[in-house]
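Inspection log for the structure reproduced underneath, given as C-alpha cells.
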Amino acid sequence: MNVIETSLPGVIVLEPRCFRDERGFFFETYNEASMARLGLPTEWKQDNFSLSKRNVVRGIHYQIGEPQGKLVRVVVGAALDVVVDLRRSSPTFGQHTTIELSGDGSRMVWIPEGFGHGFSALTDTVALSYKVTDYYSPKAERTVLWNDPALGIDWGVSENEAILSAKDRAGLTLSQAELFD
C-alpha cells in the first residue's frame with residue numbers, strides 16, 4: 001500500500017495495490033492487517049454510502065463530543081474531497097487540503113477525528129463510500145459553511161451552480177462554529 005502524506009498531519013491518502021487487466025481491475029478496499037501496520041483504526045462502527053449528481057456539495061461536516069474518523073473512497077464517478085483542520089490547538093487549524101478521488105482508481109483518504117469533511121461531485125454521478133469510527137449522532141453533528149471566505153476552498157464548482165442541502169446552506173463560519181480544542 002502506498003501512503004501519501006497531505007499538508008494536514010494525520011490526513012493521508014492511501015493507494016492500495018491495484019491489479020488491472022483487459023477485464024477491469026481489482027483492489028482491497030480494506031485489509032485489517034495493513035491498516036494496523038499503518039496505525040489506522042481496525043474497528044469500524046458504521047459504513048456509509050452517498051449518491052450525488054454533478055455540482056452537489058456536501059459538507060463541511062463533523063461531530064462534537066462523538067467525533068468520527070473516516071476512511072473515504074469514491075466508487076463511481078469523481079469527487080473533490082475536502083478536509084479541514086478544526087482543532088483550535090493545531091498548528092494547521094483552519095487549513096484545508098483537497099484530494100481528487102475517482103471510481104477509476106483505488107485512492108482512499110483517511111481523515112482522523114478533529115477534522116471536518118466534505119466533497120463536491122465532479123461528474124454526473126458520484127457514489128461515495130466511507131467507514132466511520134463512531135456512530136452518526138444527529139445531536140453531535142455540526143456543519144461549517146462550505147464557502148466561508150476565511151477557508152478559501154476552491155470546490156471546483158461555482159457558488160451559483162453548487163447544489164446544497166438546507167443544512168449545508170445554514171452552516172456556520174469557522175469563527176462562529178463549535179470546534180475541537
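Residues are named by chain letter and number: chains run A, B, ... in the order of the C-alpha cells, numbers start at 1 in each chain, and ligands are numbered from 1 in the order shown.
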Contacts of A:Asp168 at 7 Å or less, counting only C-alpha atoms, minus same-chain residues fewer than 5 places along, as an mmCIF file with C-alpha atoms, in the first residue's frame?
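And here is the file that came out, result.cif:
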data_model
loop_
_atom_site.group_PDB
_atom_site.id
_atom_site.type_symbol
_atom_site.label_atom_id
_atom_site.label_comp_id
_atom_site.auth_asym_id
_atom_site.auth_seq_id
_atom_site.Cartn_x
_atom_site.Cartn_y
_atom_site.Cartn_z
ATOM 1 C CA ARG A 58 -21.795 18.100 0.818
ATOM 2 C CA GLY A 59 -20.155 19.428 3.954
ATOM 3 C CA THR A 143 -21.537 21.990 9.794
ATOM 4 C CA LEU A 145 -20.187 26.796 5.918
#
Exercise for the section: Could you check which of A:Gly94, A:Gly103, A:Pro16, A:Gly10 is closest to A:Thr125, using only C-alpha atoms? Expected result: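 Once distances to A:Thr125 are computed over only C-alpha atoms, the minimum belongs to A:Gly103.
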For stretch 82-114 of chain A versus stretch 61-66 of chain A, which residues have an atom no more than 10 Å away, and what is each residue's nearest atom pair and distance in Å rounded to one decimal, using only C-alpha atoms, chain-then-number order, as a tab-separated table?
residue	atom	partner	partner_atom	distance
A:Val83	CA	A:His61	CA	9.5
A:Val84	CA	A:His61	CA	9.6
A:Leu86	CA	A:Tyr62	CA	8.9
A:Glu113	CA	A:Tyr62	CA	8.5
A:Gly114	CA	A:Tyr62	CA	7.8
Tell me which protein, DNA and RNA residues are within 9 Å of A:Leu80, counting only C-alpha atoms, leaving out same-chain ones fewer than 4 positions away, and put them as an mmCIF file with all heavy atoms, in the first residue's frame.
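Output file result.cif follows:
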data_model
loop_
_atom_site.group_PDB
_atom_site.id
_atom_site.type_symbol
_atom_site.label_atom_id
_atom_site.label_comp_id
_atom_site.auth_asym_id
_atom_site.auth_seq_id
_atom_site.Cartn_x
_atom_site.Cartn_y
_atom_site.Cartn_z
ATOM 1 N N THR A 98 -7.290 19.322 -0.372
ATOM 2 C CA THR A 98 -8.248 18.721 -1.300
ATOM 3 C C THR A 98 -7.568 17.565 -2.022
ATOM 4 O O THR A 98 -6.382 17.629 -2.335
ATOM 5 C CB THR A 98 -8.773 19.735 -2.338
ATOM 6 O OG1 THR A 98 -7.670 20.276 -3.078
ATOM 7 C CG2 THR A 98 -9.532 20.869 -1.662
ATOM 8 N N ILE A 99 -8.334 16.517 -2.252
ATOM 9 C CA ILE A 99 -7.838 15.324 -2.926
ATOM 10 C C ILE A 99 -8.901 14.888 -3.924
ATOM 11 O O ILE A 99 -10.066 14.731 -3.551
ATOM 12 C CB ILE A 99 -7.581 14.170 -1.926
ATOM 13 C CG1 ILE A 99 -6.616 14.590 -0.828
ATOM 14 C CG2 ILE A 99 -7.083 12.925 -2.650
ATOM 15 C CD1 ILE A 99 -7.261 14.810 0.496
ATOM 16 N N GLU A 100 -8.528 14.704 -5.175
ATOM 17 C CA GLU A 100 -9.493 14.187 -6.139
ATOM 18 C C GLU A 100 -9.520 12.666 -6.030
ATOM 19 O O GLU A 100 -8.484 12.004 -6.090
ATOM 20 C CB GLU A 100 -9.164 14.608 -7.565
ATOM 21 C CG GLU A 100 -10.284 14.227 -8.508
ATOM 22 C CD GLU A 100 -10.203 14.881 -9.885
ATOM 23 O OE1 GLU A 100 -9.684 15.997 -9.998
ATOM 24 O OE2 GLU A 100 -10.688 14.239 -10.844
ATOM 25 N N LEU A 101 -10.723 12.145 -5.837
ATOM 26 C CA LEU A 101 -10.934 10.710 -5.761
ATOM 27 C C LEU A 101 -11.791 10.276 -6.931
ATOM 28 O O LEU A 101 -12.695 11.014 -7.338
ATOM 29 C CB LEU A 101 -11.645 10.341 -4.451
ATOM 30 C CG LEU A 101 -10.918 10.687 -3.159
ATOM 31 C CD1 LEU A 101 -11.802 10.375 -1.954
ATOM 32 C CD2 LEU A 101 -9.595 9.949 -3.060
ATOM 33 N N SER A 102 -11.533 9.087 -7.442
ATOM 34 C CA SER A 102 -12.245 8.611 -8.617
ATOM 35 C C SER A 102 -12.544 7.130 -8.511
ATOM 36 O O SER A 102 -11.742 6.363 -7.951
ATOM 37 C CB SER A 102 -11.371 8.872 -9.856
ATOM 38 O OG SER A 102 -11.859 8.185 -10.965
ATOM 39 N N GLY A 118 -15.930 17.217 3.605
ATOM 40 C CA GLY A 118 -16.940 17.491 2.595
ATOM 41 C C GLY A 118 -16.418 17.069 1.237
ATOM 42 O O GLY A 118 -15.258 16.667 1.097
ATOM 43 N N PHE A 119 -17.278 17.165 0.243
ATOM 44 C CA PHE A 119 -16.833 16.877 -1.121
ATOM 45 C C PHE A 119 -17.775 17.539 -2.112
ATOM 46 O O PHE A 119 -18.911 17.884 -1.787
ATOM 47 C CB PHE A 119 -16.733 15.368 -1.388
ATOM 48 C CG PHE A 119 -18.045 14.643 -1.451
ATOM 49 C CD1 PHE A 119 -18.718 14.479 -2.653
ATOM 50 C CD2 PHE A 119 -18.607 14.100 -0.301
ATOM 51 C CE1 PHE A 119 -19.936 13.803 -2.710
ATOM 52 C CE2 PHE A 119 -19.815 13.426 -0.343
ATOM 53 C CZ PHE A 119 -20.478 13.274 -1.549
ATOM 54 N N SER A 120 -17.259 17.712 -3.324
ATOM 55 C CA SER A 120 -18.095 18.182 -4.428
ATOM 56 C C SER A 120 -18.078 17.125 -5.519
ATOM 57 O O SER A 120 -17.055 16.478 -5.765
ATOM 58 C CB SER A 120 -17.610 19.530 -4.965
ATOM 59 O OG SER A 120 -16.291 19.434 -5.445
ATOM 60 N N ALA A 121 -19.232 16.948 -6.154
ATOM 61 C CA ALA A 121 -19.385 15.952 -7.218
ATOM 62 C C ALA A 121 -18.927 16.563 -8.539
ATOM 63 O O ALA A 121 -19.502 17.546 -9.007
ATOM 64 C CB ALA A 121 -20.830 15.487 -7.306
ATOM 65 N N LEU A 122 -17.908 15.974 -9.139
ATOM 66 C CA LEU A 122 -17.315 16.497 -10.369
ATOM 67 C C LEU A 122 -17.865 15.840 -11.629
ATOM 68 O O LEU A 122 -17.589 16.312 -12.736
ATOM 69 C CB LEU A 122 -15.795 16.325 -10.325
ATOM 70 C CG LEU A 122 -15.073 16.968 -9.135
ATOM 71 C CD1 LEU A 122 -13.586 16.637 -9.190
ATOM 72 C CD2 LEU A 122 -15.310 18.467 -9.114
ATOM 73 N N TRP A 155 -13.875 24.555 -4.533
ATOM 74 C CA TRP A 155 -14.599 23.282 -4.602
ATOM 75 C C TRP A 155 -14.714 22.736 -6.022
ATOM 76 O O TRP A 155 -15.291 21.672 -6.234
ATOM 77 C CB TRP A 155 -15.999 23.457 -4.010
ATOM 78 C CG TRP A 155 -16.001 23.686 -2.543
ATOM 79 C CD1 TRP A 155 -15.823 24.873 -1.884
ATOM 80 C CD2 TRP A 155 -16.191 22.704 -1.532
ATOM 81 N NE1 TRP A 155 -15.890 24.671 -0.532
ATOM 82 C CE2 TRP A 155 -16.122 23.342 -0.283
ATOM 83 C CE3 TRP A 155 -16.423 21.326 -1.553
ATOM 84 C CZ2 TRP A 155 -16.265 22.676 0.923
ATOM 85 C CZ3 TRP A 155 -16.579 20.661 -0.347
ATOM 86 C CH2 TRP A 155 -16.495 21.335 0.869
ATOM 87 N N GLY A 156 -14.224 23.464 -7.004
ATOM 88 C CA GLY A 156 -14.336 23.006 -8.379
ATOM 89 C C GLY A 156 -15.723 23.196 -8.960
ATOM 90 O O GLY A 156 -16.039 22.658 -10.015
#
Problem - d(atom CA of A:Thr92, atom CA of A:Asn55) in Å - result: 27.9 Å
